[in-house]
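Here is protein_15.txt, consisting of compact mmCIF, C-alpha atoms:
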# COMPACT_ATOMS: atom_id res chain seq x y z
CA MET A 6 0.00 0.00 0.00
CA GLY A 7 2.94 2.34 0.35
CA LEU A 8 2.81 3.09 4.05
CA GLU A 9 4.11 -0.30 5.17
CA ALA A 10 6.83 -0.16 2.52
CA LYS A 11 8.04 3.09 3.94
CA LEU A 12 7.91 1.80 7.51
CA LYS A 13 9.65 -1.44 6.52
CA ASN A 14 11.91 -1.75 9.54
CA GLU A 15 10.20 0.42 12.14
CA GLY A 16 6.81 -1.34 12.12
CA PHE A 17 5.04 1.46 13.98
CA LEU A 18 4.03 5.08 13.55
CA THR A 19 2.95 7.82 15.89
CA THR A 20 -0.22 9.85 15.59
CA THR A 21 -2.80 11.40 17.86
CA VAL A 22 -5.94 9.65 18.97
CA ASP A 23 -8.00 12.52 17.54
CA ALA A 24 -6.43 12.20 14.13
CA LEU A 25 -6.83 8.43 14.03
CA VAL A 26 -10.42 8.41 15.27
CA GLY A 27 -11.34 11.35 13.03
CA TRP A 28 -9.83 9.65 10.02
CA SER A 29 -11.64 6.37 10.64
CA ARG A 30 -14.94 8.10 11.36
CA LYS A 31 -14.82 10.25 8.26
CA SER A 32 -14.01 7.37 5.95
CA SER A 33 -17.09 5.33 6.79
CA VAL A 34 -20.00 7.65 7.31
CA TRP A 35 -23.12 5.52 7.28
CA PRO A 36 -26.08 7.56 6.06
CA MET A 37 -29.65 7.28 7.21
CA PRO A 38 -31.64 7.91 4.02
CA MET A 39 -34.53 10.04 5.30
CA GLY A 40 -36.06 10.24 1.81
CA ILE A 41 -39.35 12.11 2.04
CA SER A 42 -39.93 13.38 -1.49
CA CYS A 43 -38.27 14.19 -4.83
CA CYS A 44 -34.79 14.90 -3.37
CA ALA A 45 -34.74 11.21 -2.42
CA ILE A 46 -34.58 10.31 -6.13
CA GLU A 47 -31.34 12.29 -6.48
CA MET A 48 -30.08 10.71 -3.26
CA MET A 49 -30.74 7.27 -4.77
CA ALA A 50 -28.98 8.36 -7.97
CA SER A 51 -25.89 9.26 -5.96
CA GLY A 52 -25.67 5.60 -4.95
CA ASP A 53 -25.67 4.27 -8.52
CA PRO A 54 -22.47 3.31 -10.42
CA LYS A 55 -22.29 6.65 -12.25
CA TYR A 56 -21.96 8.86 -9.17
CA ASP A 57 -21.06 6.06 -6.75
CA ILE A 58 -21.21 7.28 -3.18
CA ALA A 59 -19.16 4.17 -2.30
CA ARG A 60 -16.04 6.09 -3.39
CA PHE A 61 -16.43 8.05 -0.15
CA GLY A 62 -17.18 5.06 2.05
CA SER A 63 -20.86 5.92 2.45
CA GLU A 64 -22.57 3.27 0.36
CA VAL A 65 -24.06 1.48 3.36
CA MET A 66 -27.43 3.19 3.54
CA ARG A 67 -28.98 1.79 6.67
CA PHE A 68 -32.72 1.71 7.00
CA THR A 69 -32.47 1.50 10.75
CA PRO A 70 -31.41 4.70 12.52
CA ARG A 71 -29.54 2.72 15.17
CA GLN A 72 -26.63 1.99 12.82
CA CYS A 73 -26.22 5.43 11.25
CA ASP A 74 -24.22 8.53 11.93
CA LEU A 75 -25.38 10.84 9.15
CA MET A 76 -28.99 11.73 8.48
CA ILE A 77 -29.71 12.97 4.95
CA VAL A 78 -33.09 14.69 5.19
CA ALA A 79 -34.12 14.65 1.53
CA GLY A 80 -37.48 16.25 0.89
CA THR A 81 -40.28 18.47 2.11
CA VAL A 82 -40.82 18.17 5.85
CA THR A 83 -44.39 18.95 6.90
CA TYR A 84 -45.41 19.70 10.46
CA LYS A 85 -46.98 16.26 10.68
CA MET A 86 -43.81 14.57 9.40
CA SER A 87 -41.46 16.64 11.58
CA HIS A 88 -42.29 14.52 14.64
CA VAL A 89 -41.35 11.35 12.76
CA VAL A 90 -38.06 12.86 11.55
CA LYS A 91 -37.19 13.94 15.09
CA LYS A 92 -38.10 10.54 16.50
CA ILE A 93 -35.77 8.84 14.02
CA TYR A 94 -33.00 11.37 14.67
CA ASP A 95 -33.25 10.75 18.42
CA GLN A 96 -32.72 7.02 17.85
CA MET A 97 -29.38 7.52 16.08
CA PRO A 98 -26.32 6.96 18.27
CA ASP A 99 -23.89 9.83 18.88
CA PRO A 100 -21.86 11.24 17.23
CA LYS A 101 -24.25 12.16 14.45
CA TRP A 102 -24.55 14.73 11.69
CA VAL A 103 -27.38 16.10 9.56
CA ILE A 104 -27.49 17.20 5.92
CA ALA A 105 -30.49 19.35 5.01
CA MET A 106 -30.77 18.34 1.37
CA GLY A 107 -32.54 20.73 -0.97
CA ALA A 108 -34.47 23.97 -0.74
CA CYS A 109 -37.55 22.59 1.09
CA THR A 110 -35.57 21.11 3.92
CA SER A 111 -33.32 24.13 4.30
CA SER A 112 -35.95 26.85 4.19
CA GLY A 113 -39.35 25.52 3.16
CA GLY A 114 -38.41 26.20 -0.46
CA MET A 115 -41.28 26.89 -2.79
CA TYR A 116 -43.76 25.63 -0.18
CA ARG A 117 -44.36 28.91 1.61
CA SER A 118 -47.40 27.42 3.27
CA TYR A 119 -49.09 26.68 6.56
CA SER A 120 -48.32 22.96 6.45
CA VAL A 121 -44.58 22.92 5.65
CA VAL A 122 -41.84 23.54 8.23
CA GLN A 123 -39.86 26.56 7.02
CA GLY A 124 -36.45 24.96 7.58
CA ILE A 125 -35.70 21.84 9.60
CA ASP A 126 -33.19 23.78 11.72
CA GLN A 127 -36.21 24.73 13.81
CA PHE A 128 -36.03 21.29 15.42
CA LEU A 129 -32.78 19.60 14.24
CA PRO A 130 -29.12 20.71 14.48
CA VAL A 131 -28.18 20.97 10.80
CA ASP A 132 -24.52 20.70 9.70
CA ILE A 133 -24.83 21.31 5.96
CA TYR A 134 -27.49 23.17 4.01
CA LEU A 135 -27.50 21.85 0.48
CA ALA A 136 -28.83 24.17 -2.24
CA GLY A 137 -30.83 22.99 -5.23
CA CYS A 138 -34.34 21.90 -6.11
CA PRO A 139 -33.49 19.06 -6.16
CA PRO A 140 -29.68 19.15 -5.83
CA ARG A 141 -27.78 17.03 -8.32
CA PRO A 142 -25.92 13.95 -7.03
CA GLU A 143 -22.58 15.75 -7.43
CA ASN A 144 -23.89 18.37 -5.08
CA LEU A 145 -24.81 15.75 -2.48
CA LEU A 146 -21.35 14.21 -2.81
CA ASN A 147 -19.87 17.67 -2.29
CA ALA A 148 -21.90 18.01 0.90
CA LEU A 149 -20.66 14.62 2.02
CA ILE A 150 -17.05 15.67 1.43
CA GLN A 151 -17.64 18.79 3.51
CA ILE A 152 -19.16 16.70 6.28
CA GLN A 153 -16.09 14.47 6.13
CA ASP A 154 -13.87 17.53 6.57
CA LYS A 155 -15.93 18.55 9.56
CA ILE A 156 -15.71 15.07 11.07
CA LYS A 157 -11.96 14.98 10.51
CA ARG A 158 -11.56 18.25 12.36
CA SER A 159 -13.68 17.15 15.34
CA LYS A 160 -12.02 15.92 18.51
CA ALA A 161 -12.65 12.37 19.60
CA ARG A 162 -13.36 13.44 23.19
CA GLU A 163 -16.05 15.92 22.15
CA PHE A 164 -18.71 13.26 22.09
CA GLN A 165 -17.63 11.32 25.17
CA ASP A 166 -19.86 12.67 27.90
CA MET A 167 -22.95 13.39 25.84
CA PRO A 168 -26.10 12.79 27.86
CA LEU A 169 -28.64 10.51 26.26
CA PRO A 170 -31.76 12.33 25.14
CA GLU A 171 -34.93 11.35 26.89
CA LEU A 172 -37.01 9.42 24.42
CA PRO A 173 -40.78 9.51 24.63
CA VAL A 174 -42.42 6.20 25.47
CA LEU A 175 -44.02 4.84 22.33
CA GLN A 176 -47.43 3.32 22.48
CA ASN A 177 -48.96 1.14 19.84
CA ASN A 178 -52.25 2.48 18.67
CA MET B 24 -81.13 11.52 -27.25
CA ASP B 25 -78.21 13.51 -25.97
CA ILE B 26 -77.17 12.41 -22.52
CA LYS B 27 -77.25 15.99 -21.19
CA ASP B 28 -80.91 16.37 -22.12
CA LEU B 29 -81.64 12.91 -20.77
CA VAL B 30 -80.22 13.78 -17.34
CA VAL B 31 -82.30 16.94 -17.07
CA ILE B 32 -85.50 15.29 -18.30
CA LYS B 33 -85.12 12.34 -15.97
CA LEU B 34 -84.43 14.57 -12.99
CA LYS B 35 -87.48 16.74 -13.68
CA GLU B 36 -89.61 13.68 -14.23
CA LYS B 37 -88.57 12.10 -10.94
CA PHE B 38 -88.52 15.27 -8.82
CA PRO B 39 -91.23 17.54 -10.28
CA LYS B 40 -91.47 19.74 -7.19
CA ASN B 41 -87.78 20.55 -6.96
CA ASN B 42 -85.97 23.36 -8.66
CA PHE B 43 -82.93 22.40 -10.73
CA GLU B 44 -80.76 25.12 -12.21
CA THR B 45 -78.73 23.78 -15.08
CA SER B 46 -75.81 25.38 -16.82
CA GLU B 47 -73.35 24.26 -19.43
CA PHE B 48 -69.71 25.17 -19.82
CA ARG B 49 -67.35 23.64 -22.36
CA ASN B 50 -69.71 20.79 -23.00
CA GLU B 51 -69.98 19.92 -19.29
CA LEU B 52 -73.30 19.93 -17.53
CA THR B 53 -73.76 21.40 -14.06
CA VAL B 54 -76.91 20.90 -12.03
CA LYS B 55 -77.53 23.12 -9.05
CA LEU B 56 -79.94 21.86 -6.42
CA ASP B 57 -81.11 22.46 -2.90
CA LYS B 58 -79.02 20.78 -0.23
CA LYS B 59 -82.06 19.07 1.27
CA ASN B 60 -82.48 16.90 -1.83
CA ILE B 61 -78.89 15.89 -2.27
CA VAL B 62 -79.12 12.30 -1.03
CA ASN B 63 -82.33 11.49 -2.91
CA VAL B 64 -81.03 12.97 -6.15
CA CYS B 65 -77.71 11.19 -5.84
CA LYS B 66 -79.40 7.89 -5.09
CA PHE B 67 -81.63 8.30 -8.13
CA LEU B 68 -78.76 9.23 -10.44
CA LYS B 69 -76.81 6.19 -9.33
CA GLU B 70 -79.61 3.65 -9.37
CA SER B 71 -81.51 4.83 -12.43
CA GLU B 72 -81.24 2.18 -15.14
CA GLU B 73 -80.83 4.73 -17.96
CA LEU B 74 -78.29 6.99 -16.27
CA GLN B 75 -76.10 4.80 -14.03
CA PHE B 76 -73.86 7.41 -12.43
CA LYS B 77 -72.03 4.72 -10.50
CA PHE B 78 -68.73 6.47 -9.94
CA CYS B 79 -68.31 9.39 -7.53
CA GLU B 80 -65.02 10.99 -8.50
CA ASP B 81 -64.76 13.78 -6.00
CA VAL B 82 -66.61 15.75 -3.37
CA THR B 83 -65.14 19.16 -2.71
CA ALA B 84 -66.22 22.66 -1.79
CA ILE B 85 -65.83 26.33 -2.72
CA ASP B 86 -65.56 29.18 -0.24
CA TRP B 87 -67.12 32.39 -1.62
CA ALA B 88 -65.98 34.37 1.44
CA LYS B 89 -68.51 37.23 1.54
CA ARG B 90 -71.52 35.68 -0.22
CA THR B 91 -74.71 34.99 1.74
CA ASP B 92 -74.52 31.25 1.10
CA ARG B 93 -70.87 31.10 1.90
CA PHE B 94 -69.99 27.61 0.68
CA THR B 95 -70.85 25.50 -2.34
CA VAL B 96 -70.36 21.75 -2.10
CA VAL B 97 -69.45 20.26 -5.49
CA TYR B 98 -69.87 16.64 -6.54
CA HIS B 99 -68.27 15.19 -9.64
CA ILE B 100 -69.96 11.98 -10.70
CA PHE B 101 -69.36 9.83 -13.72
CA SER B 102 -71.52 7.49 -15.77
CA LEU B 103 -69.50 4.66 -17.26
CA LYS B 104 -72.45 3.69 -19.41
CA HIS B 105 -72.54 7.05 -21.20
CA ASN B 106 -68.92 8.09 -20.66
CA PHE B 107 -70.32 11.29 -19.23
CA ARG B 108 -69.33 13.43 -16.28
CA LEU B 109 -71.93 15.40 -14.30
CA ARG B 110 -71.32 18.14 -11.78
CA LEU B 111 -73.75 18.71 -8.91
CA LYS B 112 -73.67 21.82 -6.76
CA ALA B 113 -75.42 22.63 -3.51
CA ASP B 114 -75.11 25.82 -1.49
CA VAL B 115 -74.38 25.67 2.24
CA ASP B 116 -74.54 28.67 4.52
CA GLU B 117 -72.12 29.33 7.36
CA SER B 118 -74.89 29.56 9.98
CA ASP B 119 -75.88 25.93 9.34
CA CYS B 120 -72.61 24.62 8.00
CA SER B 121 -73.76 21.11 7.22
CA ILE B 122 -75.11 18.91 4.45
CA ASP B 123 -76.28 15.29 4.35
CA THR B 124 -73.61 12.73 3.56
CA VAL B 125 -73.69 10.82 0.29
CA SER B 126 -71.29 8.18 1.61
CA SER B 127 -74.29 5.86 1.91
CA VAL B 128 -74.73 6.15 -1.87
CA TRP B 129 -71.09 5.97 -3.00
CA LYS B 130 -68.46 4.57 -0.66
CA SER B 131 -65.78 6.67 -2.37
CA ALA B 132 -67.48 9.78 -1.02
CA ASN B 133 -66.41 8.80 2.50
CA TRP B 134 -62.83 10.05 2.32
CA ALA B 135 -63.66 12.89 -0.09
CA GLU B 136 -66.15 14.24 2.43
CA ARG B 137 -63.60 13.91 5.21
CA GLU B 138 -61.21 15.99 3.12
CA ALA B 139 -63.85 18.67 2.50
CA TYR B 140 -64.61 18.69 6.22
CA ASP B 141 -60.93 19.05 7.08
CA MET B 142 -60.30 21.89 4.65
CA TYR B 143 -63.58 23.84 4.88
CA GLY B 144 -65.26 22.78 8.11
CA ILE B 145 -68.48 21.66 6.43
CA LYS B 146 -70.12 18.95 8.50
CA PHE B 147 -71.52 15.99 6.62
CA LYS B 148 -74.51 14.81 8.62
CA GLY B 149 -74.70 11.05 9.05
CA HIS B 150 -71.12 10.43 7.97
CA PRO B 151 -69.84 7.19 9.58
CA ASP B 152 -66.37 8.52 10.48
CA LEU B 153 -66.03 12.29 10.13
CA ARG B 154 -62.41 12.82 11.21
CA ARG B 155 -59.80 15.12 9.69
CA MET B 156 -58.11 13.75 6.60
CA TYR B 157 -54.80 15.66 6.45
CA MET B 158 -54.34 17.98 9.40
CA PRO B 159 -53.59 16.70 12.92
CA GLU B 160 -56.71 15.84 14.88
CA GLU B 161 -56.16 18.53 17.51
CA PHE B 162 -55.87 21.27 14.85
CA GLU B 163 -58.61 23.87 15.31
CA TYR B 164 -58.83 25.61 11.94
CA HIS B 165 -59.86 24.84 8.36
CA PRO B 166 -56.99 25.82 6.05
CA LEU B 167 -58.76 26.31 2.72
CA ARG B 168 -61.20 28.86 4.09
CA LYS B 169 -60.53 32.28 2.62
CA ASP B 170 -60.03 33.88 6.05
CA PHE B 171 -57.24 31.44 6.95
CA PRO B 172 -53.81 33.11 6.55
CA LEU B 173 -51.44 31.53 4.01
CA MET B 174 -48.68 30.93 6.55
CA GLY B 175 -51.10 29.50 9.08
CA ILE B 176 -51.65 30.52 12.65
CA PRO B 177 -48.39 30.58 14.64
CA GLY B 178 -48.27 27.90 17.31
CA SER B 179 -51.33 26.03 16.03
CA LEU B 180 -49.21 23.14 14.72
CA PRO B 181 -46.72 21.73 17.25
CA LEU B 182 -43.07 21.20 16.34
CA PRO B 183 -40.78 18.77 18.17
CA LYS B 184 -38.43 20.31 20.71
CA LYS B 185 -34.82 21.00 19.75
CA ASN B 186 -32.37 19.39 22.16

Re-express the file's structure as structure tokens.
Amino acid sequence: MGLEAKLKNEGFLTTTVDALVGWSRKSSVWPMPMGISCCAIEMMASGDPKYDIARFGSEVMRFTPRQCDLMIVAGTVTYKMSHVVKKIYDQMPDPKWVIAMGACTSSGGMYRSYSVVQGIDQFLPVDIYLAGCPPRPENLLNALIQIQDKIKRSKAREFQDMPLPELPVLQNN
Amino acid sequence: MDIKDLVVIKLKEKFPKNNFETSEFRNELTVKLDKKNIVNVCKFLKESEELQFKFCEDVTAIDWAKRTDRFTVVYHIFSLKHNFRLRLKADVDESDCSIDTVSSVWKSANWAEREAYDMYGIKFKGHPDLRRMYMPEEFEYHPLRKDFPLMGIPGSLPLPKKN
């Protein structure tokens, strides 16, 4: 691979924990595909062989929030849906990041209306706002690269003592 | 005989005492009637052997804001036998904001009437399950009424808390 050739005789290297953890975290971001409307089609396209999100280590789209660390909110979030999005976000383990994909998610977009949340940052901590209606797959990949930069820069200890959010008790009805 | 004439003749034959206003626009027939007769007329149009309006496509409403009879309930029904679409209209005033349900005639009217109730607040008397279709159940307003602001009423729809 190159590295081991260079370290032929030494057999070890020094680094910081932050750099190592940041590097390993950024190279395998597992997205939670929160596909709500048309942006989800572009999100799916970014997984196909042409755009190939696997090049960035993010091809494992998990349909359970418990195995994800990046939520891609792709589509119009209505007030009714916002509770579902938040419930899923709360189930993701820390550390976690959020991409607000597209105009609707970032600001309500063309739906300036009573039923659509005018920006999901009203109830979620958003890391990247992604422009476009819908954004092209390249644009989503660009957002992913920026998230990776952010993850790389974060300190491993930052997330250590995070308190668990109190989850509401779900009832079947 | 043209199907449009047939509908009007049959209606006047069956309900001689009632007043039907008919109008035509772009080859589509509209029949305006009193809201008291709506169930009987609908039942007749569906069950009549010659007409067979068996398919209720939509039940919706219009808000005229300042008119005396504030709302108009509109029914779009279709006859597969004649490949013909008929529009029925009935006025409803705000003081008695209700009309009899036609969900006993066409089952497809059930959800359409729930939608009209959700958006305009018109009560469909005798409806088996008159709950809101789109908005949350605890929501207090009717969004498609003309006096409802475009951006809604602040605080009327709850958002999850940010942690």

Closest pair table for chain B residues within 8 Å of chain A, all atoms listed in the file, as a Markdown table:
| residue | atom | partner | partner_atom | distance |
| --- | --- | --- | --- | --- |
| B:Met158 | CA | A:Lys85 | CA | 7.7 |
| B:Pro159 | CA | A:Lys85 | CA | 7.0 |
| B:Pro166 | CA | A:Tyr119 | CA | 8.0 |
| B:Pro172 | CA | A:Tyr119 | CA | 8.0 |
| B:Leu173 | CA | A:Ser118 | CA | 5.8 |
| B:Met174 | CA | A:Tyr119 | CA | 4.3 |
| B:Gly175 | CA | A:Tyr119 | CA | 4.3 |
| B:Ile176 | CA | A:Tyr119 | CA | 7.6 |
| B:Leu180 | CA | A:Tyr84 | CA | 6.7 |
| B:Pro181 | CA | A:Tyr84 | CA | 7.2 |
| B:Leu182 | CA | A:Tyr84 | CA | 6.5 |
| B:Pro183 | CA | A:His88 | CA | 5.7 |
| B:Lys184 | CA | A:Phe128 | CA | 5.9 |
| B:Lys185 | CA | A:Phe128 | CA | 4.5 |
| B:Asn186 | CA | A:Pro170 | CA | 7.7 |

I'd like the neighbourhood of segment 20-28 of chain A as a list in words, where a residue qualifies if any of its atoms comes within 6 Å (using all atoms listed in the file), though same-chain residues fewer than 3 positions away should be ignored.
Lys31, Lys157, Lys160 and Ala161 of chain A

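Rounded to one decimal, atom CA of Gly80 of chain A and atom CA of Ser179 of chain B lie 22.7 Å from each other.
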
Skipping near chain neighbours, those fewer than 6 positions away, what residues fall within 7 Å of segment 120-122 of chain B using all atoms listed in the file, listed as JSON, numbers by chain?
{"B": [58, 145, 146, 147, 148]}

Using only C-alpha atoms and a cutoff of 10 Å, can you tell me which residues are near (-72.6, 8.5, 6.6) in the file's coordinates, and write them out as a PyMOL selection string?
chain B and resi 123-128+130+132-133+136+147-153

Just the selected residues (C-alpha atoms), exported as a PDB file, in the coordinates of the input, please.
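The resulting part_25.pdb:
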ATOM      1  CA  ASP B 123     -76.280  15.290   4.350  1.00  0.00           C
ATOM      2  CA  THR B 124     -73.610  12.730   3.560  1.00  0.00           C
ATOM      3  CA  VAL B 125     -73.690  10.820   0.290  1.00  0.00           C
ATOM      4  CA  SER B 126     -71.290   8.180   1.610  1.00  0.00           C
ATOM      5  CA  SER B 127     -74.290   5.860   1.910  1.00  0.00           C
ATOM      6  CA  VAL B 128     -74.730   6.150  -1.870  1.00  0.00           C
ATOM      7  CA  LYS B 130     -68.460   4.570  -0.660  1.00  0.00           C
ATOM      8  CA  ALA B 132     -67.480   9.780  -1.020  1.00  0.00           C
ATOM      9  CA  ASN B 133     -66.410   8.800   2.500  1.00  0.00           C
ATOM     10  CA  GLU B 136     -66.150  14.240   2.430  1.00  0.00           C
ATOM     11  CA  PHE B 147     -71.520  15.990   6.620  1.00  0.00           C
ATOM     12  CA  LYS B 148     -74.510  14.810   8.620  1.00  0.00           C
ATOM     13  CA  GLY B 149     -74.700  11.050   9.050  1.00  0.00           C
ATOM     14  CA  HIS B 150     -71.120  10.430   7.970  1.00  0.00           C
ATOM     15  CA  PRO B 151     -69.840   7.190   9.580  1.00  0.00           C
ATOM     16  CA  ASP B 152     -66.370   8.520  10.480  1.00  0.00           C
ATOM     17  CA  LEU B 153     -66.030  12.290  10.130  1.00  0.00           C
TER      18      LEU B 153
END

Which residue is closest to Phe61 of chain A? Choose from A:Met106, A:Asp132, A:Lys155, A:Ile150 and count only C-alpha atoms.
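Ranked by minimum distance to Phe61 of chain A, first place goes to A:Ile150.
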
Spatial neighbours of Lys55 of chain A, max dist 10 Å, all atoms listed in the file, sep filter under 4 positions, as a PyMOL selection string
chain A and resi 50-51+142

Next, write the just-selected residues to a file, as a short mmCIF file (atom, residue, chain, number, x, y, z; two decimals), in the frame of the given file, keeping C-alpha atoms as the atom set.
data_model
loop_
_atom_site.label_atom_id
_atom_site.label_comp_id
_atom_site.auth_asym_id
_atom_site.auth_seq_id
_atom_site.Cartn_x
_atom_site.Cartn_y
_atom_site.Cartn_z
CA ALA A 50 -28.98 8.36 -7.97
CA SER A 51 -25.89 9.26 -5.96
CA PRO A 142 -25.92 13.95 -7.03
#

Show which residues sit within 12 Å of Asn147 of chain A, as a list of chain:residue names. Count only C-alpha atoms, and ignore same-chain residues fewer than 4 positions away.
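So the residues in contact are A:Ser51, A:Tyr56, A:Ile58, A:Phe61, A:Ile104, A:Met106, A:Ile133, A:Tyr134, A:Leu135, A:Ala136, A:Pro140, A:Arg141, A:Pro142, A:Glu143, A:Gln151, A:Ile152, A:Gln153, A:Asp154.
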
Please, what distance in Å, to one decimal, runs between atom CA of Arg30 of chain A and atom CA of Leu145 of chain A?
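Separating atom CA of Arg30 of chain A from atom CA of Leu145 of chain A is a distance of 18.6 Å.
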
Show me, as a list of chain:residue names, the residues that have an atom within 9 Å of Ala113 of chain B when counting only C-alpha atoms, minus same-chain residues fewer than 5 positions from it.
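The contact residues come out as B:Val54, B:Lys55, B:Leu56, B:Asp57, B:Lys58, B:Lys59, B:Ile61, B:Phe94, B:Thr95, B:Val96, B:Val97, B:Tyr98, B:Ile122.
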
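Nearest to Pro70 of chain A of all the residues A:Gly7, A:Gly124, A:Pro139, A:Pro98 is A:Pro98, based on all atoms listed in the file.
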
Which of these, A:Ala45, A:Leu12, A:Ile156, A:Met37, has the shortest distance to Met66 of chain A once you count all atoms listed in the file?
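Selected residue with least distance to Met66 of chain A: A:Met37.
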
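Residues having any atom no farther than 10 Å from (-34.7, 11.7, 1.6) (counting only C-alpha atoms) are Met37, Pro38, Met39, Gly40, Ile41, Ser42, Cys43, Cys44, Ala45, Ile46, Glu47, Met48, Met49, Met76, Ile77, Val78, Ala79, Gly80, Thr81, Val82, Ala105, Met106, Gly107 and Thr110 of chain A.
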
Measuring atom to atom with all atoms listed in the file, identify which of B:Glu138, B:Glu117, B:Asp28, B:Asp170 is nearest to Leu74 of chain B.
B:Asp28

As an exercise, work out the distance from atom CA of Arg110 of chain B to atom CA of Phe76 of chain B in Å and give it to one decimal place.
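So the answer is 11.0 Å.
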